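Pasted below: structure-v2.cif, mmCIF, N, CA, C and O atoms.
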data_model
#
loop_
_atom_site.group_PDB
_atom_site.id
_atom_site.type_symbol
_atom_site.label_atom_id
_atom_site.label_comp_id
_atom_site.auth_asym_id
_atom_site.auth_seq_id
_atom_site.Cartn_x
_atom_site.Cartn_y
_atom_site.Cartn_z
ATOM 1 N N MET W 350 -60.958 95.209 90.854
ATOM 2 C CA MET W 350 -61.384 95.634 92.176
ATOM 3 C C MET W 350 -62.885 95.452 92.344
ATOM 4 O O MET W 350 -63.409 95.769 93.398
ATOM 5 N N GLY W 351 -63.554 95.015 91.295
ATOM 6 C CA GLY W 351 -64.982 94.811 91.387
ATOM 7 C C GLY W 351 -65.789 96.097 91.368
ATOM 8 O O GLY W 351 -66.901 96.145 91.875
ATOM 9 N N TRP W 352 -65.255 97.141 90.783
ATOM 10 C CA TRP W 352 -65.925 98.441 90.777
ATOM 11 C C TRP W 352 -66.709 98.690 89.495
ATOM 12 O O TRP W 352 -67.218 99.776 89.269
ATOM 13 N N GLY W 353 -66.834 97.694 88.647
ATOM 14 C CA GLY W 353 -67.487 97.856 87.361
ATOM 15 C C GLY W 353 -68.922 98.333 87.442
ATOM 16 O O GLY W 353 -69.426 98.951 86.518
ATOM 17 N N GLU W 354 -69.583 98.064 88.523
ATOM 18 C CA GLU W 354 -70.983 98.465 88.682
ATOM 19 C C GLU W 354 -71.141 99.852 89.301
ATOM 20 O O GLU W 354 -72.236 100.391 89.330
ATOM 21 N N LEU W 355 -70.054 100.428 89.814
ATOM 22 C CA LEU W 355 -70.147 101.741 90.457
ATOM 23 C C LEU W 355 -70.321 102.831 89.402
ATOM 24 O O LEU W 355 -69.666 102.823 88.377
ATOM 25 N N LYS W 356 -71.184 103.760 89.678
ATOM 26 C CA LYS W 356 -71.478 104.828 88.724
ATOM 27 C C LYS W 356 -71.284 106.191 89.366
ATOM 28 O O LYS W 356 -71.457 106.365 90.571
ATOM 29 N N ASN W 357 -70.964 107.156 88.533
ATOM 30 C CA ASN W 357 -70.970 108.575 88.867
ATOM 31 C C ASN W 357 -70.314 108.895 90.200
ATOM 32 O O ASN W 357 -69.175 108.534 90.428
ATOM 33 N N GLY W 358 -71.031 109.575 91.072
ATOM 34 C CA GLY W 358 -70.483 110.038 92.343
ATOM 35 C C GLY W 358 -70.031 108.917 93.256
ATOM 36 O O GLY W 358 -69.105 109.085 94.044
ATOM 37 N N VAL W 359 -70.668 107.764 93.167
ATOM 38 C CA VAL W 359 -70.282 106.627 94.006
ATOM 39 C C VAL W 359 -68.874 106.174 93.643
ATOM 40 O O VAL W 359 -68.051 105.896 94.515
ATOM 41 N N LEU W 360 -68.588 106.106 92.356
ATOM 42 C CA LEU W 360 -67.255 105.709 91.900
ATOM 43 C C LEU W 360 -66.201 106.711 92.363
ATOM 44 O O LEU W 360 -65.152 106.330 92.889
ATOM 45 N N LEU W 361 -66.476 107.983 92.215
ATOM 46 C CA LEU W 361 -65.527 109.018 92.622
ATOM 47 C C LEU W 361 -65.309 108.996 94.135
ATOM 48 O O LEU W 361 -64.176 109.090 94.613
ATOM 49 N N ALA W 362 -66.362 108.829 94.898
ATOM 50 C CA ALA W 362 -66.241 108.765 96.360
ATOM 51 C C ALA W 362 -65.432 107.546 96.789
ATOM 52 O O ALA W 362 -64.604 107.627 97.697
ATOM 53 N N LYS W 363 -65.652 106.416 96.149
ATOM 54 C CA LYS W 363 -64.896 105.197 96.473
ATOM 55 C C LYS W 363 -63.422 105.382 96.106
ATOM 56 O O LYS W 363 -62.533 105.007 96.866
ATOM 57 N N ALA W 364 -63.163 105.987 94.950
ATOM 58 C CA ALA W 364 -61.784 106.221 94.527
ATOM 59 C C ALA W 364 -61.045 107.102 95.524
ATOM 60 O O ALA W 364 -59.855 106.900 95.778
ATOM 61 N N GLU W 365 -61.755 108.053 96.110
ATOM 62 C CA GLU W 365 -61.144 108.944 97.111
ATOM 63 C C GLU W 365 -60.591 108.180 98.310
ATOM 64 O O GLU W 365 -59.626 108.613 98.924
ATOM 65 N N THR W 366 -61.210 107.069 98.644
ATOM 66 C CA THR W 366 -60.769 106.301 99.811
ATOM 67 C C THR W 366 -59.589 105.388 99.506
ATOM 68 O O THR W 366 -58.965 104.881 100.421
ATOM 69 N N GLU W 367 -59.303 105.192 98.210
ATOM 70 C CA GLU W 367 -58.274 104.234 97.820
ATOM 71 C C GLU W 367 -57.069 104.834 97.098
ATOM 72 O O GLU W 367 -56.002 104.242 97.102
ATOM 73 N N PHE W 368 -57.257 105.993 96.454
ATOM 74 C CA PHE W 368 -56.225 106.533 95.575
ATOM 75 C C PHE W 368 -55.999 108.018 95.810
ATOM 76 O O PHE W 368 -56.837 108.700 96.392
ATOM 77 N N ASP W 369 -54.872 108.516 95.288
ATOM 78 C CA ASP W 369 -54.556 109.940 95.350
ATOM 79 C C ASP W 369 -55.005 110.672 94.097
ATOM 80 O O ASP W 369 -55.124 111.887 94.093
ATOM 81 N N GLY W 370 -55.241 109.925 93.011
ATOM 82 C CA GLY W 370 -55.626 110.539 91.755
ATOM 83 C C GLY W 370 -56.660 109.714 91.019
ATOM 84 O O GLY W 370 -56.751 108.496 91.202
ATOM 85 N N PHE W 371 -57.442 110.384 90.201
ATOM 86 C CA PHE W 371 -58.513 109.762 89.422
ATOM 87 C C PHE W 371 -58.377 110.276 88.000
ATOM 88 O O PHE W 371 -58.468 111.485 87.759
ATOM 89 N N VAL W 372 -58.134 109.377 87.041
ATOM 90 C CA VAL W 372 -57.975 109.745 85.645
ATOM 91 C C VAL W 372 -59.229 109.314 84.894
ATOM 92 O O VAL W 372 -59.666 108.174 85.005
ATOM 93 N N THR W 373 -59.792 110.251 84.138
ATOM 94 C CA THR W 373 -61.012 109.965 83.391
ATOM 95 C C THR W 373 -60.981 110.662 82.044
ATOM 96 O O THR W 373 -60.222 111.618 81.846
ATOM 97 N N THR W 374 -61.801 110.181 81.129
ATOM 98 C CA THR W 374 -61.997 110.879 79.857
ATOM 99 C C THR W 374 -63.367 111.550 79.828
ATOM 100 O O THR W 374 -63.762 112.104 78.807
ATOM 101 N N ASP W 375 -64.078 111.512 80.941
ATOM 102 C CA ASP W 375 -65.409 112.125 81.045
ATOM 103 C C ASP W 375 -65.259 113.640 81.149
ATOM 104 O O ASP W 375 -65.039 114.183 82.221
ATOM 105 N N GLN W 376 -65.387 114.325 80.022
ATOM 106 C CA GLN W 376 -65.183 115.765 79.988
ATOM 107 C C GLN W 376 -66.337 116.540 80.609
ATOM 108 O O GLN W 376 -66.252 117.755 80.774
ATOM 109 N N ASN W 377 -67.386 115.859 81.000
ATOM 110 C CA ASN W 377 -68.517 116.508 81.654
ATOM 111 C C ASN W 377 -68.496 116.335 83.169
ATOM 112 O O ASN W 377 -69.408 116.794 83.847
ATOM 113 N N ILE W 378 -67.487 115.677 83.693
ATOM 114 C CA ILE W 378 -67.461 115.370 85.132
ATOM 115 C C ILE W 378 -67.596 116.625 85.991
ATOM 116 O O ILE W 378 -68.252 116.603 87.023
ATOM 117 N N GLN W 379 -67.011 117.719 85.555
ATOM 118 C CA GLN W 379 -67.079 118.953 86.359
ATOM 119 C C GLN W 379 -68.499 119.494 86.445
ATOM 120 O O GLN W 379 -68.827 120.241 87.366
ATOM 121 N N TYR W 380 -69.350 119.137 85.493
ATOM 122 C CA TYR W 380 -70.745 119.584 85.509
ATOM 123 C C TYR W 380 -71.665 118.575 86.191
ATOM 124 O O TYR W 380 -72.750 118.926 86.638
ATOM 125 N N GLN W 381 -71.226 117.322 86.256
ATOM 126 C CA GLN W 381 -72.050 116.250 86.808
ATOM 127 C C GLN W 381 -71.745 115.950 88.268
ATOM 128 O O GLN W 381 -72.584 115.416 88.976
ATOM 129 N N GLN W 382 -70.530 116.263 88.706
ATOM 130 C CA GLN W 382 -70.093 115.933 90.063
ATOM 131 C C GLN W 382 -69.457 117.153 90.708
ATOM 132 O O GLN W 382 -68.896 118.000 90.027
ATOM 133 N N LYS W 383 -69.480 117.178 92.005
ATOM 134 C CA LYS W 383 -68.758 118.211 92.742
ATOM 135 C C LYS W 383 -67.284 117.817 92.704
ATOM 136 O O LYS W 383 -66.894 116.795 93.258
ATOM 137 N N THR W 384 -66.471 118.613 92.036
ATOM 138 C CA THR W 384 -65.055 118.276 91.908
ATOM 139 C C THR W 384 -64.177 119.075 92.864
ATOM 140 O O THR W 384 -63.057 118.673 93.151
ATOM 141 N N SER W 385 -64.669 120.191 93.366
ATOM 142 C CA SER W 385 -63.861 120.982 94.292
ATOM 143 C C SER W 385 -63.968 120.395 95.698
ATOM 144 O O SER W 385 -64.965 119.784 96.060
ATOM 145 N N GLY W 386 -62.906 120.565 96.465
ATOM 146 C CA GLY W 386 -62.895 120.095 97.842
ATOM 147 C C GLY W 386 -62.722 118.596 97.984
ATOM 148 O O GLY W 386 -62.915 118.040 99.063
ATOM 149 N N ARG W 387 -62.350 117.929 96.933
ATOM 150 C CA ARG W 387 -62.156 116.477 96.978
ATOM 151 C C ARG W 387 -60.830 116.134 97.643
ATOM 152 O O ARG W 387 -59.901 116.936 97.679
ATOM 153 N N ARG W 388 -60.749 114.924 98.166
ATOM 154 C CA ARG W 388 -59.511 114.419 98.769
ATOM 155 C C ARG W 388 -58.686 113.660 97.738
ATOM 156 O O ARG W 388 -57.823 112.861 98.079
ATOM 157 N N ILE W 389 -58.961 113.919 96.488
ATOM 158 C CA ILE W 389 -58.302 113.216 95.394
ATOM 159 C C ILE W 389 -58.092 114.222 94.257
ATOM 160 O O ILE W 389 -58.900 115.126 94.070
ATOM 161 N N ALA W 390 -57.001 114.084 93.538
ATOM 162 C CA ALA W 390 -56.789 114.908 92.348
ATOM 163 C C ALA W 390 -57.542 114.264 91.188
ATOM 164 O O ALA W 390 -57.566 113.038 91.055
ATOM 165 N N ILE W 391 -58.168 115.090 90.364
ATOM 166 C CA ILE W 391 -58.935 114.590 89.229
ATOM 167 C C ILE W 391 -58.255 115.064 87.952
ATOM 168 O O ILE W 391 -57.987 116.262 87.786
ATOM 169 N N PHE W 392 -57.991 114.122 87.056
ATOM 170 C CA PHE W 392 -57.343 114.409 85.784
ATOM 171 C C PHE W 392 -58.292 114.030 84.663
ATOM 172 O O PHE W 392 -58.712 112.886 84.572
ATOM 173 N N VAL W 393 -58.642 114.994 83.830
ATOM 174 C CA VAL W 393 -59.556 114.750 82.724
ATOM 175 C C VAL W 393 -58.766 114.784 81.426
ATOM 176 O O VAL W 393 -58.189 115.814 81.069
ATOM 177 N N LEU W 394 -58.738 113.657 80.741
ATOM 178 C CA LEU W 394 -58.052 113.585 79.454
ATOM 179 C C LEU W 394 -59.002 114.061 78.365
ATOM 180 O O LEU W 394 -60.183 113.697 78.353
ATOM 181 N N ARG W 395 -58.517 114.878 77.452
ATOM 182 C CA ARG W 395 -59.358 115.424 76.378
ATOM 183 C C ARG W 395 -59.659 114.400 75.305
ATOM 184 O O ARG W 395 -60.544 114.591 74.493
ATOM 185 N N ALA W 396 -58.901 113.318 75.277
ATOM 186 C CA ALA W 396 -59.102 112.274 74.263
ATOM 187 C C ALA W 396 -59.398 110.946 74.954
ATOM 188 O O ALA W 396 -58.959 110.704 76.068
ATOM 189 N N ASN W 397 -60.149 110.100 74.272
ATOM 190 C CA ASN W 397 -60.368 108.750 74.784
ATOM 191 C C ASN W 397 -59.892 107.718 73.767
ATOM 192 O O ASN W 397 -60.243 106.551 73.830
ATOM 193 N N PHE W 398 -59.070 108.160 72.851
ATOM 194 C CA PHE W 398 -58.504 107.336 71.796
ATOM 195 C C PHE W 398 -57.068 107.002 72.190
ATOM 196 O O PHE W 398 -56.240 107.909 72.361
ATOM 197 N N TRP W 399 -56.761 105.711 72.383
ATOM 198 C CA TRP W 399 -55.472 105.302 72.936
ATOM 199 C C TRP W 399 -54.259 105.919 72.231
ATOM 200 O O TRP W 399 -53.344 106.416 72.911
ATOM 201 N N PRO W 400 -54.162 105.928 70.911
ATOM 202 C CA PRO W 400 -52.966 106.538 70.301
ATOM 203 C C PRO W 400 -52.764 107.999 70.718
ATOM 204 O O PRO W 400 -51.635 108.427 70.924
ATOM 205 N N ALA W 401 -53.831 108.753 70.864
ATOM 206 C CA ALA W 401 -53.709 110.149 71.292
ATOM 207 C C ALA W 401 -53.230 110.242 72.731
ATOM 208 O O ALA W 401 -52.404 111.088 73.078
ATOM 209 N N ILE W 402 -53.748 109.367 73.574
ATOM 210 C CA ILE W 402 -53.325 109.347 74.984
ATOM 211 C C ILE W 402 -51.862 108.913 75.074
ATOM 212 O O ILE W 402 -51.056 109.543 75.758
ATOM 213 N N ARG W 403 -51.520 107.853 74.380
ATOM 214 C CA ARG W 403 -50.158 107.324 74.400
ATOM 215 C C ARG W 403 -49.152 108.373 73.949
ATOM 216 O O ARG W 403 -48.082 108.522 74.538
ATOM 217 N N ASP W 404 -49.490 109.135 72.930
ATOM 218 C CA ASP W 404 -48.571 110.150 72.403
ATOM 219 C C ASP W 404 -48.316 111.283 73.394
ATOM 220 O O ASP W 404 -47.352 112.030 73.241
ATOM 221 N N HIS W 405 -49.176 111.424 74.397
ATOM 222 C CA HIS W 405 -49.023 112.482 75.401
ATOM 223 C C HIS W 405 -48.728 111.919 76.790
ATOM 224 O O HIS W 405 -48.915 112.599 77.793
ATOM 225 N N GLY W 406 -48.249 110.705 76.830
ATOM 226 C CA GLY W 406 -47.986 110.034 78.098
ATOM 227 C C GLY W 406 -47.039 110.794 79.011
ATOM 228 O O GLY W 406 -47.256 110.869 80.218
ATOM 229 N N LYS W 407 -45.995 111.377 78.443
ATOM 230 C CA LYS W 407 -45.024 112.108 79.264
ATOM 231 C C LYS W 407 -45.674 113.319 79.929
ATOM 232 O O LYS W 407 -45.494 113.543 81.117
ATOM 233 N N GLN W 408 -46.471 114.075 79.177
ATOM 234 C CA GLN W 408 -47.134 115.254 79.732
ATOM 235 C C GLN W 408 -48.165 114.856 80.795
ATOM 236 O O GLN W 408 -48.304 115.538 81.808
ATOM 237 N N ILE W 409 -48.863 113.766 80.556
ATOM 238 C CA ILE W 409 -49.838 113.275 81.532
ATOM 239 C C ILE W 409 -49.128 112.870 82.814
ATOM 240 O O ILE W 409 -49.539 113.256 83.912
ATOM 241 N N ALA W 410 -48.049 112.108 82.692
ATOM 242 C CA ALA W 410 -47.290 111.664 83.866
ATOM 243 C C ALA W 410 -46.729 112.858 84.641
ATOM 244 O O ALA W 410 -46.755 112.866 85.880
ATOM 245 N N GLU W 411 -46.230 113.857 83.950
ATOM 246 C CA GLU W 411 -45.687 115.049 84.620
ATOM 247 C C GLU W 411 -46.781 115.800 85.379
ATOM 248 O O GLU W 411 -46.558 116.271 86.490
ATOM 249 N N ALA W 412 -47.956 115.919 84.785
ATOM 250 C CA ALA W 412 -49.076 116.592 85.459
ATOM 251 C C ALA W 412 -49.497 115.826 86.704
ATOM 252 O O ALA W 412 -49.786 116.422 87.745
ATOM 253 N N ILE W 413 -49.507 114.524 86.616
ATOM 254 C CA ILE W 413 -49.862 113.697 87.773
ATOM 255 C C ILE W 413 -48.825 113.864 88.874
ATOM 256 O O ILE W 413 -49.167 114.001 90.051
ATOM 257 N N ASP W 414 -47.557 113.898 88.506
ATOM 258 C CA ASP W 414 -46.484 114.074 89.495
ATOM 259 C C ASP W 414 -46.577 115.421 90.210
ATOM 260 O O ASP W 414 -46.249 115.529 91.378
ATOM 261 N N ARG W 415 -47.017 116.472 89.518
ATOM 262 C CA ARG W 415 -47.108 117.818 90.089
ATOM 263 C C ARG W 415 -48.382 118.034 90.910
ATOM 264 O O ARG W 415 -48.459 118.987 91.685
ATOM 265 N N ALA W 416 -49.361 117.203 90.728
ATOM 266 C CA ALA W 416 -50.690 117.442 91.314
ATOM 267 C C ALA W 416 -50.682 117.351 92.835
ATOM 268 O O ALA W 416 -49.870 116.646 93.433
ATOM 269 N N LYS W 417 -51.629 118.099 93.400
ATOM 270 C CA LYS W 417 -51.853 118.076 94.841
ATOM 271 C C LYS W 417 -53.278 117.595 95.101
ATOM 272 O O LYS W 417 -54.137 117.658 94.219
ATOM 273 N N THR W 418 -53.516 117.174 96.295
ATOM 274 C CA THR W 418 -54.849 116.744 96.683
ATOM 275 C C THR W 418 -55.868 117.836 96.344
ATOM 276 O O THR W 418 -55.638 119.009 96.606
ATOM 277 N N GLY W 419 -56.951 117.440 95.721
ATOM 278 C CA GLY W 419 -58.007 118.377 95.391
ATOM 279 C C GLY W 419 -57.870 119.078 94.055
ATOM 280 O O GLY W 419 -58.780 119.784 93.623
ATOM 281 N N ASP W 420 -56.745 118.879 93.375
ATOM 282 C CA ASP W 420 -56.552 119.521 92.064
ATOM 283 C C ASP W 420 -57.531 118.949 91.030
ATOM 284 O O ASP W 420 -57.895 117.784 91.078
ATOM 285 N N TYR W 421 -57.924 119.801 90.102
ATOM 286 C CA TYR W 421 -58.725 119.402 88.940
ATOM 287 C C TYR W 421 -57.919 119.844 87.732
ATOM 288 O O TYR W 421 -57.676 121.027 87.536
ATOM 289 N N VAL W 422 -57.473 118.881 86.924
ATOM 290 C CA VAL W 422 -56.567 119.184 85.820
ATOM 291 C C VAL W 422 -57.128 118.608 84.523
ATOM 292 O O VAL W 422 -57.446 117.421 84.454
ATOM 293 N N GLU W 423 -57.237 119.452 83.514
ATOM 294 C CA GLU W 423 -57.623 118.981 82.188
ATOM 295 C C GLU W 423 -56.361 118.845 81.352
ATOM 296 O O GLU W 423 -55.555 119.769 81.278
ATOM 297 N N LEU W 424 -56.189 117.692 80.741
ATOM 298 C CA LEU W 424 -54.979 117.400 79.968
ATOM 299 C C LEU W 424 -55.330 117.101 78.521
ATOM 300 O O LEU W 424 -56.316 116.512 78.237
#
In structure tokens, write the structure found in this file.
Amino acid sequence: MGWGELKNGVLLAKAETEFDGFVTTDQNIQYQQKTSGRRIAIFVLRANFWPAIRDHGKQIAEAIDRAKTGDYVEL
């Protein structure tokens, strides 16, 4: 999508216009960005190591399915 150069709040704001959810491994996002009142659900994964993420794929997918606009979920 050509978003490789977007950083921080700009990336999150752009994602809000295109998607219903935003998945990140940035565990500091809640301190760096305003996460409440967003038009997008934000999902923060506790791991950034693929085998750990893969092993919890079902739980991640279920959390995404349950989420509502504006939710902030740590997985």
So, with only C-alpha atoms as the atoms that count, which of W:Lys407, W:Lys383, W:Arg388, W:Arg415 lies closest to Glu365 (chain W)?
W:Arg388
Between W:Leu394, W:Lys356, W:Arg387, W:Met350, which has the minimum distance to Ala410 (chain W) (counting only C-alpha atoms)?
W:Leu394
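Restricting the calculation to all atoms listed in the file, the smallest distance between Thr418 (chain W) and any of W:Val393, W:Gly370, W:Ile402, W:Asp375 is found for W:Gly370.
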I'd like the residues picked by the PyMOL selection byres (((chain W and resi 417 and name CA) around 10) and name CA) written out as an MDAnalysis selection string, using the chain letters and numbers from the file.
chainID W and resid 369:370 388:391 412:416 418:421
Keeping only N, CA, C and O atoms, write the selected residues as a tab-separated table (two decimals), keeping the file's coordinate frame.
chain	number	residue	atom	x	y	z
W	369	ASP	N	-54.87	108.52	95.29
W	369	ASP	CA	-54.56	109.94	95.35
W	369	ASP	C	-55.00	110.67	94.10
W	369	ASP	O	-55.12	111.89	94.09
W	370	GLY	N	-55.24	109.92	93.01
W	370	GLY	CA	-55.63	110.54	91.76
W	370	GLY	C	-56.66	109.71	91.02
W	370	GLY	O	-56.75	108.50	91.20
W	388	ARG	N	-60.75	114.92	98.17
W	388	ARG	CA	-59.51	114.42	98.77
W	388	ARG	C	-58.69	113.66	97.74
W	388	ARG	O	-57.82	112.86	98.08
W	389	ILE	N	-58.96	113.92	96.49
W	389	ILE	CA	-58.30	113.22	95.39
W	389	ILE	C	-58.09	114.22	94.26
W	389	ILE	O	-58.90	115.13	94.07
W	390	ALA	N	-57.00	114.08	93.54
W	390	ALA	CA	-56.79	114.91	92.35
W	390	ALA	C	-57.54	114.26	91.19
W	390	ALA	O	-57.57	113.04	91.06
W	391	ILE	N	-58.17	115.09	90.36
W	391	ILE	CA	-58.94	114.59	89.23
W	391	ILE	C	-58.26	115.06	87.95
W	391	ILE	O	-57.99	116.26	87.79
W	412	ALA	N	-47.96	115.92	84.78
W	412	ALA	CA	-49.08	116.59	85.46
W	412	ALA	C	-49.50	115.83	86.70
W	412	ALA	O	-49.79	116.42	87.74
W	413	ILE	N	-49.51	114.52	86.62
W	413	ILE	CA	-49.86	113.70	87.77
W	413	ILE	C	-48.82	113.86	88.87
W	413	ILE	O	-49.17	114.00	90.05
W	414	ASP	N	-47.56	113.90	88.51
W	414	ASP	CA	-46.48	114.07	89.50
W	414	ASP	C	-46.58	115.42	90.21
W	414	ASP	O	-46.25	115.53	91.38
W	415	ARG	N	-47.02	116.47	89.52
W	415	ARG	CA	-47.11	117.82	90.09
W	415	ARG	C	-48.38	118.03	90.91
W	415	ARG	O	-48.46	118.99	91.68
W	416	ALA	N	-49.36	117.20	90.73
W	416	ALA	CA	-50.69	117.44	91.31
W	416	ALA	C	-50.68	117.35	92.84
W	416	ALA	O	-49.87	116.65	93.43
W	418	THR	N	-53.52	117.17	96.30
W	418	THR	CA	-54.85	116.74	96.68
W	418	THR	C	-55.87	117.84	96.34
W	418	THR	O	-55.64	119.01	96.61
W	419	GLY	N	-56.95	117.44	95.72
W	419	GLY	CA	-58.01	118.38	95.39
W	419	GLY	C	-57.87	119.08	94.06
W	419	GLY	O	-58.78	119.78	93.62
W	420	ASP	N	-56.74	118.88	93.38
W	420	ASP	CA	-56.55	119.52	92.06
W	420	ASP	C	-57.53	118.95	91.03
W	420	ASP	O	-57.90	117.78	91.08
W	421	TYR	N	-57.92	119.80	90.10
W	421	TYR	CA	-58.72	119.40	88.94
W	421	TYR	C	-57.92	119.84	87.73
W	421	TYR	O	-57.68	121.03	87.54
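Inside chain W, the residues DSSP reads as strand (DSSP E) when given the backbone are Gly370, Phe371, Val372, Thr373, Ala390, Ile391, Phe392, Val393, Tyr421, Val422 and Glu423 of chain W.
Atom O of Leu424 (chain W) is positioned 9.5 Å from atom N of Gln376 (chain W).
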Which of chain W fall in helix (DSSP H, G or I), as a count of residues only:
31
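Atom O of Thr374 (chain W) is positioned 6.0 Å from CA of Arg395 (chain W).
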Can you work out which one of W:Ile409, W:Val372, W:Tyr380, W:Trp399 has the shortest atom-to-atom distance to Leu360 (chain W), counting only C-alpha atoms?
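Of the candidates, the smallest distance to Leu360 (chain W) is held by W:Val372.
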Please write as number ranges by chain the full residue list that the PyMOL selection byres (((chain W and resi 352 and name CA) around 12) and name CA) yields on this file.
W: 350-351, 353-357, 359-364, 367
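The gap separating CA of Gln381 (chain W) from CA of Asp404 (chain W) is 28.2 Å, in Å to one decimal.
Shortest atom-to-atom contact with Asn397 (chain W) among W:Thr384, W:Thr373, W:Gly358, W:Glu423: W:Thr373, counting only N, CA, C and O atoms.
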